[in-house]
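Shown here: upload_1.tsv, TSV, C-alpha atoms.
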chain	number	residue	atom	x	y	z
A	1395	MET	CA	82.77	103.88	72.14
A	1396	TYR	CA	82.78	101.13	74.78
A	1397	GLU	CA	81.81	98.18	72.62
A	1398	PRO	CA	84.57	98.60	69.96
A	1399	ALA	CA	87.23	98.82	72.68
A	1400	LYS	CA	85.77	95.77	74.44
A	1401	ALA	CA	85.62	93.85	71.14
A	1402	LEU	CA	89.29	94.60	70.48
A	1403	ILE	CA	90.34	93.25	73.88
A	1404	ASP	CA	88.11	90.19	73.44
A	1405	PHE	CA	89.76	89.53	70.07
A	1406	ILE	CA	93.27	89.79	71.53
A	1407	SER	CA	92.33	87.51	74.43
A	1408	GLU	CA	90.89	84.88	72.07
A	1409	CYS	CA	93.98	85.00	69.84
A	1410	ILE	CA	96.19	84.40	72.89
A	1411	ARG	CA	94.01	81.49	73.99
A	1412	LEU	CA	94.33	79.83	70.56
A	1413	GLN	CA	98.13	79.87	70.62
A	1414	THR	CA	98.33	76.20	71.60
A	1415	LYS	CA	101.51	75.46	69.62
A	1416	LEU	CA	103.73	77.64	71.80
A	1417	LYS	CA	106.30	76.02	74.07
A	1418	ALA	CA	104.89	77.91	77.05
A	1419	LEU	CA	101.13	78.28	77.38
A	1420	PRO	CA	99.55	81.42	78.88
A	1421	GLN	CA	98.83	81.25	82.59
A	1422	ARG	CA	95.71	83.37	82.28
A	1423	LEU	CA	93.62	85.49	79.93
A	1424	ILE	CA	92.94	89.18	80.50
A	1425	GLU	CA	89.41	89.80	79.29
A	1426	PRO	CA	86.72	92.44	79.85
A	1427	PHE	CA	83.59	91.84	81.85
A	1428	GLU	CA	80.52	91.54	79.65
A	1429	LYS	CA	78.83	94.66	81.02
A	1430	VAL	CA	80.38	98.04	80.18
A	1431	ASP	CA	79.62	101.56	81.41
A	1432	THR	CA	78.20	100.23	84.67
A	1433	THR	CA	78.68	100.37	88.43
A	1434	PRO	CA	80.42	97.33	89.97
A	1435	VAL	CA	78.01	95.24	92.00
A	1436	ASP	CA	80.03	95.48	95.21
A	1437	SER	CA	81.24	99.07	94.90
A	1438	GLU	CA	80.99	101.51	97.80
A	1439	TYR	CA	80.39	104.28	95.27
A	1440	SER	CA	77.95	105.07	92.47
A	1441	TRP	CA	80.49	105.90	89.77
A	1442	ARG	CA	80.22	104.08	86.44
A	1443	ILE	CA	83.20	102.15	85.10
A	1444	ASP	CA	83.71	102.28	81.33
A	1445	ILE	CA	85.39	98.86	81.02
A	1446	ALA	CA	86.56	96.51	83.77
A	1447	MET	CA	88.99	93.69	83.03
A	1448	ARG	CA	89.44	90.43	84.93
A	1449	CYS	CA	91.92	87.57	84.98
A	1450	ARG	CA	90.59	84.22	83.83
A	1451	SER	CA	93.09	81.77	85.26
A	1452	LEU	CA	94.17	78.91	83.00
A	1453	SER	CA	97.07	77.31	84.84
A	1454	ASP	CA	98.17	79.73	87.54
A	1455	THR	CA	96.52	78.31	90.65
A	1456	SER	CA	98.34	80.79	92.88
A	1457	LEU	CA	96.49	83.72	91.30
A	1458	SER	CA	93.88	84.88	93.77
A	1459	PRO	CA	92.64	88.29	92.66
A	1460	SER	CA	89.56	88.40	94.82
A	1461	THR	CA	90.62	88.00	98.42
A	1462	SER	CA	88.17	90.72	99.18
A	1463	GLY	CA	85.98	92.40	101.75
A	1464	HIS	CA	86.52	95.49	103.86
A	1465	SER	CA	86.34	93.53	107.14
A	1466	ALA	CA	85.28	89.93	106.66
A	1467	VAL	CA	87.05	88.00	103.93
A	1468	LYS	CA	84.75	86.78	101.15
A	1469	GLU	CA	85.10	83.81	98.84
A	1470	PRO	CA	86.03	84.71	95.25
A	1471	ASN	CA	83.38	84.63	92.56
A	1472	GLN	CA	84.55	84.74	88.96
A	1473	GLN	CA	81.25	83.89	87.27
A	1474	LEU	CA	79.77	87.39	87.17
A	1475	SER	CA	79.03	89.12	83.86
A	1476	ARG	CA	78.73	92.51	85.54
A	1477	PRO	CA	82.01	93.75	87.04
A	1478	ASP	CA	82.69	93.51	90.74
A	1479	VAL	CA	85.61	95.19	92.47
A	1480	ALA	CA	86.68	91.97	94.18
A	1481	ASN	CA	87.44	90.25	90.88
A	1482	THR	CA	88.60	93.18	88.77
A	1483	PHE	CA	92.17	93.17	87.47
A	1484	ALA	CA	92.12	96.70	86.03
A	1485	TYR	CA	89.80	99.48	84.90
A	1486	ILE	CA	89.85	101.24	81.54
A	1487	GLU	CA	88.69	104.86	81.26
A	1488	LEU	CA	87.68	106.01	77.77
A	1489	LYS	CA	87.47	109.55	76.37
A	1490	ARG	CA	86.59	110.71	72.86
A	1491	HIS	CA	89.15	113.49	72.72
A	1492	ALA	CA	92.84	113.79	73.62
A	1493	LYS	CA	92.13	117.04	75.48
A	1494	ASP	CA	90.39	114.97	78.16
A	1495	THR	CA	93.53	112.97	79.02
A	1496	ASN	CA	94.08	114.57	82.45
A	1497	GLU	CA	90.46	114.00	83.38
A	1498	ALA	CA	90.79	110.34	82.36
A	1499	TYR	CA	93.89	109.94	84.55
A	1500	ALA	CA	92.14	111.54	87.54
A	1501	GLN	CA	89.06	109.33	87.18
A	1502	LEU	CA	91.14	106.19	86.75
A	1503	PHE	CA	93.14	107.01	89.87
A	1504	ARG	CA	89.99	107.50	91.95
A	1505	TYR	CA	88.39	104.30	90.69
A	1506	THR	CA	91.51	102.17	91.13
A	1507	LYS	CA	91.81	103.12	94.80
A	1508	GLU	CA	88.81	100.91	95.51
A	1509	ILE	CA	90.50	97.92	93.86
A	1510	TYR	CA	93.50	98.46	96.07
A	1511	ALA	CA	91.28	98.71	99.15
A	1512	THR	CA	89.13	95.67	98.36
A	1513	GLN	CA	91.75	93.19	97.16
A	1514	HIS	CA	93.95	92.62	100.16
A	1515	ASN	CA	96.58	90.74	98.17
A	1516	ARG	CA	97.31	93.65	95.82
A	1517	ARG	CA	100.70	95.31	96.07
A	1518	PHE	CA	99.92	97.55	93.12
A	1519	ALA	CA	97.15	97.85	90.54
A	1520	TRP	CA	97.12	98.32	86.78
A	1521	GLY	CA	94.85	100.61	84.81
A	1522	MET	CA	94.46	102.04	81.33
A	1523	ILE	CA	93.12	105.13	79.60
A	1524	MET	CA	92.00	105.36	75.96
A	1525	CYS	CA	91.65	108.88	74.57
A	1526	ASN	CA	90.60	108.70	70.93
A	1527	THR	CA	93.25	106.35	69.46
A	1528	ILE	CA	95.90	106.98	72.16
A	1529	VAL	CA	96.29	104.38	74.91
A	1530	ASN	CA	98.35	104.66	78.10
A	1531	ALA	CA	98.87	101.84	80.58
A	1532	CYS	CA	99.13	102.92	84.22
A	1533	VAL	CA	100.49	101.41	87.43
A	1534	PHE	CA	99.28	102.61	90.85
A	1535	GLY	CA	101.00	101.70	94.10
A	1536	PRO	CA	100.74	102.88	97.71
A	1537	ASN	CA	103.38	105.54	97.14
A	1538	TYR	CA	103.64	106.07	93.38
A	1539	ALA	CA	101.79	106.26	90.08
A	1540	ALA	CA	103.25	105.85	86.59
A	1541	ALA	CA	102.00	105.87	83.01
A	1542	SER	CA	103.43	104.36	79.84
A	1543	GLU	CA	104.38	106.16	76.66
A	1544	ASP	CA	101.56	106.72	74.17
A	1545	MET	CA	100.38	103.69	72.22
A	1546	ASP	CA	98.60	104.95	69.11
A	1547	LEU	CA	96.14	102.32	67.89
A	1548	ALA	CA	95.98	104.12	64.55
A	1549	THR	CA	99.54	102.95	63.82
A	1550	ALA	CA	101.00	99.48	63.41
A	1551	ALA	CA	103.63	100.18	66.07
A	1552	GLY	CA	101.00	101.30	68.56
A	1553	ARG	CA	98.83	98.25	67.97
A	1554	LYS	CA	101.89	96.01	68.35
A	1555	ASP	CA	102.73	97.56	71.75
A	1556	PHE	CA	99.09	97.23	72.85
A	1557	ILE	CA	98.95	93.54	71.94
A	1558	ARG	CA	102.37	92.93	73.51
A	1559	LEU	CA	101.05	94.32	76.80
A	1560	PHE	CA	98.20	91.80	76.89
A	1561	VAL	CA	100.54	88.97	75.92
A	1562	ASN	CA	102.90	89.89	78.76
A	1563	TRP	CA	100.00	90.05	81.21
A	1564	SER	CA	98.90	86.58	80.09
A	1565	PHE	CA	102.31	84.91	80.45
A	1566	CYS	CA	103.99	86.74	83.35
A	1567	ASP	CA	104.13	85.68	86.99
A	1568	SER	CA	101.17	86.88	89.05
A	1569	CYS	CA	103.43	89.12	91.14
A	1570	LYS	CA	104.00	91.28	88.03
A	1571	LEU	CA	100.25	91.82	87.83
A	1572	GLY	CA	100.37	93.32	91.32
A	1573	TYR	CA	99.26	90.28	93.33
A	1574	ASP	CA	101.19	89.44	96.48
A	1575	PRO	CA	102.49	85.85	96.28
A	1576	ALA	CA	102.59	85.75	100.07
A	1577	ILE	CA	98.78	86.07	100.33
A	1578	SER	CA	96.43	83.49	98.84
A	1579	TYR	CA	92.88	82.20	99.39
A	1580	ASP	CA	92.20	78.77	100.87
A	1581	TYR	CA	88.89	77.55	99.43
A	1582	SER	CA	88.53	74.63	101.83
A	1583	SER	CA	88.80	76.77	104.97
A	1584	GLN	CA	87.46	79.95	103.34
A	1585	CYS	CA	90.21	82.16	104.68
A	1586	LEU	CA	93.31	84.04	103.65
A	1587	VAL	CA	96.67	82.32	103.98
A	1588	ILE	CA	99.49	84.75	104.73
A	1589	GLN	CA	103.08	83.57	104.48
A	1590	SER	CA	105.01	85.56	107.06
A	1591	GLU	CA	108.61	86.62	106.57
A	1592	PRO	CA	111.24	85.03	108.84
A	1593	THR	CA	112.52	87.27	111.62
A	1594	ALA	CA	115.21	86.95	114.25
A	1595	GLY	CA	114.37	83.81	116.19
A	1596	ASN	CA	111.12	83.19	114.27
A	1597	PRO	CA	110.98	81.06	111.12
A	1598	ALA	CA	108.63	81.76	108.22
A	1599	MET	CA	105.17	80.35	108.84
A	1600	ALA	CA	101.64	80.30	107.45
A	1601	LEU	CA	99.04	82.47	109.16
A	1602	TYR	CA	95.30	82.31	108.59
A	1603	SER	CA	92.78	85.15	108.59
A	1604	ARG	CA	89.12	85.82	107.93
A	1605	GLU	CA	89.10	89.41	109.14
A	1606	VAL	CA	90.88	92.51	107.89
A	1607	LEU	CA	91.06	95.02	110.71
A	1608	ILE	CA	92.35	97.88	108.58
A	1609	CYS	CA	92.28	97.86	104.80
A	1610	ALA	CA	94.54	99.94	102.56
A	1611	GLU	CA	91.73	102.29	101.59
A	1612	ARG	CA	93.90	104.91	100.00
A	1613	MET	CA	96.70	104.77	97.48
A	1614	PHE	CA	98.38	107.73	99.13
A	1615	GLY	CA	99.34	108.34	102.74
A	1616	ARG	CA	100.73	105.69	105.08
A	1617	HIS	CA	97.71	103.41	105.38
A	1618	THR	CA	98.61	99.74	105.39
A	1619	ARG	CA	96.66	96.55	105.98
A	1620	CYS	CA	96.19	94.84	109.35
A	1621	PHE	CA	94.91	91.26	109.63
A	1622	ALA	CA	93.59	89.34	112.64
A	1623	VAL	CA	95.39	86.01	112.26
A	1624	SER	CA	95.86	82.59	113.80
A	1625	ALA	CA	98.73	80.15	113.39
A	1626	ASN	CA	96.23	77.29	113.32
A	1627	LYS	CA	94.31	76.52	110.15
A	1628	PRO	CA	90.60	76.89	110.93
A	1629	PRO	CA	87.93	74.37	109.95
A	1630	PRO	CA	85.37	75.49	107.35
A	1631	PRO	CA	82.73	77.88	108.72
A	1632	ASP	CA	79.77	76.20	110.33
A	1633	PRO	CA	76.66	77.20	108.32
A	1634	SER	CA	74.41	76.09	111.18
A	1635	ASP	CA	75.91	78.72	113.48
A	1636	LYS	CA	73.50	81.59	112.87
A	1637	GLN	CA	74.80	83.67	115.76
A	1638	ARG	CA	78.34	84.14	114.51
A	1639	LYS	CA	79.68	85.17	111.14
A	1640	PRO	CA	82.52	83.10	109.61
A	1641	HIS	CA	85.25	85.45	110.86
A	1642	GLN	CA	83.72	85.36	114.35
A	1643	GLN	CA	83.96	81.55	114.39
A	1644	MET	CA	87.72	81.79	114.08
A	1645	LYS	CA	89.85	82.47	117.16
A	1646	CYS	CA	92.63	84.93	116.41
A	1647	ASN	CA	95.25	86.04	118.92
A	1648	THR	CA	97.68	87.97	116.72
A	1649	ILE	CA	97.58	91.02	114.47
A	1650	VAL	CA	99.77	91.15	111.37
A	1651	LYS	CA	100.52	94.48	109.72
A	1652	ASP	CA	101.96	95.31	106.31
A	1653	SER	CA	105.33	97.00	106.45
A	1654	TRP	CA	105.90	100.41	104.91
A	1655	VAL	CA	107.91	100.69	101.75
A	1656	GLU	CA	111.59	101.15	102.57
A	1657	ALA	CA	112.93	104.44	101.25
A	1658	PRO	CA	115.93	104.00	98.92
A	1659	GLU	CA	117.44	107.38	99.77
A	1660	ASP	CA	120.33	107.82	102.17
A	1661	PRO	CA	118.97	109.68	105.24
A	1662	ALA	CA	122.30	111.46	105.58
A	1663	GLU	CA	121.79	113.07	102.17
A	1664	ASP	CA	118.20	114.14	102.84
A	1665	THR	CA	118.23	117.94	102.82
A	1666	ARG	CA	114.52	118.30	103.49
A	1667	ASP	CA	113.21	119.68	106.77
A	1668	GLU	CA	109.88	120.69	108.29
A	1669	ALA	CA	108.78	124.26	107.64
A	1670	ARG	CA	108.28	124.87	111.36
A	1671	HIS	CA	112.07	124.83	111.78
A	1672	LEU	CA	112.55	127.78	109.41
A	1673	SER	CA	113.85	130.97	110.98
A	1674	ASN	CA	113.76	133.10	107.82
A	1675	VAL	CA	110.30	134.61	107.27
A	1676	GLN	CA	110.87	135.11	103.54
A	1677	ASP	CA	111.75	131.42	103.09
A	1678	LEU	CA	108.64	130.44	105.06
A	1679	ILE	CA	106.46	132.55	102.74
A	1680	ILE	CA	108.04	130.92	99.66
A	1681	VAL	CA	107.51	127.42	101.09
A	1682	ALA	CA	103.91	128.11	102.14
A	1683	THR	CA	103.10	129.62	98.74
A	1684	GLY	CA	104.50	126.57	96.95
A	1685	VAL	CA	102.57	124.21	99.21
A	1686	MET	CA	99.27	126.03	98.69
A	1687	ARG	CA	99.85	126.16	94.92
A	1688	CYS	CA	100.47	122.39	95.02
A	1689	HIS	CA	97.33	121.87	97.12
A	1690	TRP	CA	95.21	123.86	94.68
A	1691	GLN	CA	96.52	121.93	91.68
A	1692	ILE	CA	95.75	118.61	93.41
A	1693	ILE	CA	92.21	119.80	94.10
A	1694	LYS	CA	91.78	121.07	90.55
A	1695	GLU	CA	93.37	118.14	88.67
A	1696	CYS	CA	92.78	115.17	91.00
A	1697	HIS	CA	89.78	116.33	93.08
A	1698	ILE	CA	91.63	115.44	96.28
A	1699	LEU	CA	91.35	117.55	99.45
A	1700	HIS	CA	94.24	117.24	101.93
A	1701	ARG	CA	92.38	118.35	105.12
A	1702	ASN	CA	95.46	118.48	107.38
A	1703	VAL	CA	97.76	121.20	106.04
A	1704	SER	CA	100.12	122.18	108.87
A	1705	LEU	CA	103.70	123.31	109.34
A	1706	SER	CA	104.65	119.70	110.15
A	1707	ASN	CA	103.27	118.60	106.78
A	1708	MET	CA	105.15	121.26	104.83
A	1709	LEU	CA	108.67	120.23	103.89
A	1710	VAL	CA	111.44	122.63	102.94
A	1711	CYS	CA	113.44	121.40	99.94
A	1712	ARG	CA	116.67	123.08	98.87
A	1713	ASP	CA	118.13	122.81	95.37
A	1714	ASP	CA	121.81	122.96	94.40
A	1715	ASP	CA	121.72	126.75	94.56
A	1716	ASP	CA	120.32	126.60	98.11
A	1717	ASP	CA	116.99	128.05	96.92
A	1718	VAL	CA	114.01	126.80	98.95
A	1719	HIS	CA	110.86	125.13	97.65
A	1720	GLY	CA	107.82	123.76	99.44
A	1721	MET	CA	106.54	120.16	99.45
A	1722	LEU	CA	103.18	118.99	100.82
A	1723	ILE	CA	103.24	115.58	102.55
A	1724	ASP	CA	101.05	113.29	104.69
A	1725	PHE	CA	97.85	112.62	102.75
A	1726	ASP	CA	96.52	110.26	105.44
A	1727	HIS	CA	93.28	112.25	105.78
A	1728	ALA	CA	92.82	113.31	102.19
A	1729	VAL	CA	89.47	112.55	100.58
A	1730	ASN	CA	87.96	112.53	97.12
A	1731	ILE	CA	85.77	115.64	97.00
A	1732	ASP	CA	83.56	114.07	94.30
A	1733	ALA	CA	82.55	111.11	96.47
A	1734	THR	CA	79.38	111.76	98.44
A	1735	GLU	CA	79.20	108.29	99.95
A	1736	LYS	CA	80.50	107.62	103.44
A	1737	SER	CA	84.14	106.62	103.46
A	1738	ILE	CA	85.04	103.19	104.77
A	1739	HIS	CA	88.00	104.77	106.59
A	1740	ALA	CA	86.34	105.82	109.82
A	1741	GLU	CA	89.11	106.68	112.26
A	1742	ARG	CA	90.21	110.28	112.84
A	1743	THR	CA	93.73	111.28	113.80
A	1744	GLY	CA	95.91	114.19	112.86
A	1745	THR	CA	97.11	117.59	113.96
A	1746	LEU	CA	94.05	118.79	115.89
A	1747	GLN	CA	94.51	122.53	115.48
A	1748	PHE	CA	95.00	122.20	111.71
A	1749	MET	CA	92.26	119.65	110.91
A	1750	SER	CA	89.33	120.93	108.88
A	1751	VAL	CA	85.95	121.49	110.51
A	1752	ASN	CA	84.40	118.80	108.28
A	1753	ASN	CA	87.10	116.34	109.32
A	1754	LEU	CA	86.48	117.03	113.01
A	1755	ALA	CA	82.73	116.63	112.40
A	1756	LYS	CA	83.38	113.27	110.69
A	1757	SER	CA	82.10	114.69	107.43
A	1758	HIS	CA	83.70	113.80	104.09
A	1759	SER	CA	82.24	116.69	102.15
Before anything else, please render the file you have as structure tokens.
Amino acid sequence: MYEPAKALIDFISECIRLQTKLKALPQRLIEPFEKVDTTPVDSEYSWRIDIAMRCRSLSDTSLSPSTSGHSAVKEPNQQLSRPDVANTFAYIELKRHAKDTNEAYAQLFRYTKEIYATQHNRRFAWGMIMCNTIVNACVFGPNYAAASEDMDLATAAGRKDFIRLFVNWSFCDSCKLGYDPAISYDYSSQCLVIQSEPTAGNPAMALYSREVLICAERMFGRHTRCFAVSANKPPPPDPSDKQRKPHQQMKCNTIVKDSWVEAPEDPAEDTRDEARHLSNVQDLIIVATGVMRCHWQIIKECHILHRNVSLSNMLVCRDDDDDVHGMLIDFDHAVNIDATEKSIHAERTGTLQFMSVNNLAKSHS
């Protein structure tokens, strides 16, 4: 099952590479790692990835997919045959039967979260599921997830769409692959280079970092990245300094934080409110029932446990007929109930009286 899918992607990648007569040459090739059905070498978890794809850069020197590490920044390594999270562009989850589509989506979502956490220059991440002959491309961001229409490899139209996807990936700008053009890797200094946005009274400038204070571990909730930075470009790490790690050799006096995604909605038209402001008991029961039904479906379908269900995290939504519905928000403390390994997100905050016993005990089970 894995090898035929890998062979197909290898064939498409090689065909793109051989198109030397085109006016515009591909910037990169999207190709699978040699090893399939295996655990990435640098993964925090023991799950097995069906197929992992990487970018092999041809002309796009700005592409830096592996600015990685949960605390200290590591130098990219694109010579591995076995997949590693730091250099993975996207995962592919395969199933033999179409009835397993939802399971494939749930697994792909869980696996892709680690890409988003490890690659600090990712704004969003791609993924793909293959169920029998049906293929769906997926995009995962910090506040959304989307899937393409079915591409049936048993039909000419489906194969055409599948090939077109890889062609677009090979020719497009790196920002359309999910990489942040404002963050790159400086090989000479072995550090991240972050181009800051201009603000009132402060021009845009380059900042340098070897340490990520907070990584975007989850693809839901409000977690964003924080970097310890310096405005001065550091010299290369001193290998003779055995007492200090590379990020400790760099003096940083500033912390830079990612900004949250700006909501497009007009706040004046937002009819949602917290459930704790409800005065009608019947409406509260309807909202709470909807929230708990939502929570159960997320546990059942996505294997995600919220762990901080409170009145402040239940929103009241009203439709055009003024009927109320419940919405569950704030997944900052949600965990994957299938993962037995210790989470890399160690801090604990939340609504104390509503936090689960396991959360208070620092347990992720």
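Pairwise distance (CA of Ile1410 (chain A), CA of Ile1424 (chain A)) equals 9.6 Å.
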Fill in: Exercise: Cys1696 (chain A) partners within 10 Å, all atoms listed in the file, chain neighbours under 6 positions left out, as an MDAnalysis selection string
chainID A and resid 1496:1497 1499:1501 1503:1504 1690 1730:1732
Using only C-alpha atoms, find each residue in region 1541-1593 of chain A having at least one atom no more than 10 Å away from region 1631-1652 of chain A; report its shortest atom-to-atom pair and that distance in Å (one decimal), rows by chain then rising number, as a Markdown table.
| residue | atom | partner | partner_atom | distance |
| --- | --- | --- | --- | --- |
| A:Ser1582 | CA | A:Pro1631 | CA | 9.6 |
| A:Ser1583 | CA | A:Pro1631 | CA | 7.2 |
| A:Gln1584 | CA | A:Pro1631 | CA | 7.5 |
| A:Cys1585 | CA | A:His1641 | CA | 8.6 |
| A:Ile1588 | CA | A:Val1650 | CA | 9.2 |
| A:Ser1590 | CA | A:Val1650 | CA | 8.8 |
To one decimal in Å, tell me the separation between CA of Val1587 (chain A) and CA of Met1447 (chain A).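 Result for CA of Val1587 (chain A) versus CA of Met1447 (chain A): 25.0 Å, one decimal.
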Nearest to Thr1683 (chain A), restricted to only C-alpha atoms and choosing among A:Val1435, A:Asn1702, A:Met1708, A:Asp1580, comes out as A:Met1708
Using only C-alpha atoms, the shortest atom-to-atom distance to Ile1445 (chain A) among A:Glu1605, A:Asp1404, A:Glu1668, A:Asp1567 belongs to A:Asp1404
Atomic distance CA of Asp1478 (chain A) - CA of Ile1693 (chain A), expressed in Å with one decimal: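 Interatomic distance, CA of Asp1478 (chain A) to CA of Ile1693 (chain A): 28.2 Å.
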Of the candidates A:Arg1619, A:Ser1624, A:Arg1701, A:Ala1669, which one gets nearest to Val1729 (chain A) if we count all atoms listed in the file?
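Result for the nearest residue to Val1729 (chain A): A:Arg1701.
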Have a look at A:Ile1723, A:Ile1509, A:Ala1418, A:Val1529 and name the one nearest to Thr1482 (chain A); count all atoms listed in the file.
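Of A:Ile1723, A:Ile1509, A:Ala1418, A:Val1529, the one nearest Thr1482 (chain A) is A:Ile1509, counting all atoms listed in the file.
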Residue with the minimum atom-to-atom distance to Tyr1581 (chain A), picked from A:Asp1436, A:Ala1540, A:Arg1604, A:Cys1525 with only C-alpha atoms counted, is A:Arg1604
Counting all atoms listed in the file, the residue among A:Lys1493, A:His1671, A:His1719, A:Lys1507 that lies closest to Arg1687 (chain A) is A:His1719
Got a sec: who's within 8 Å of Ala1484 (chain A), counting all atoms listed in the file, leaving out chain neighbours fewer than 4 positions off, as a CSV table (one decimal) with C-alpha atoms, in the coordinates of the input?
chain,number,residue,atom,x,y,z
A,1446,ALA,CA,86.6,96.5,83.8
A,1447,MET,CA,89.0,93.7,83.0
A,1448,ARG,CA,89.4,90.4,84.9
A,1506,THR,CA,91.5,102.2,91.1
A,1519,ALA,CA,97.2,97.8,90.5
A,1520,TRP,CA,97.1,98.3,86.8
A,1521,GLY,CA,94.8,100.6,84.8
A,1522,MET,CA,94.5,102.0,81.3
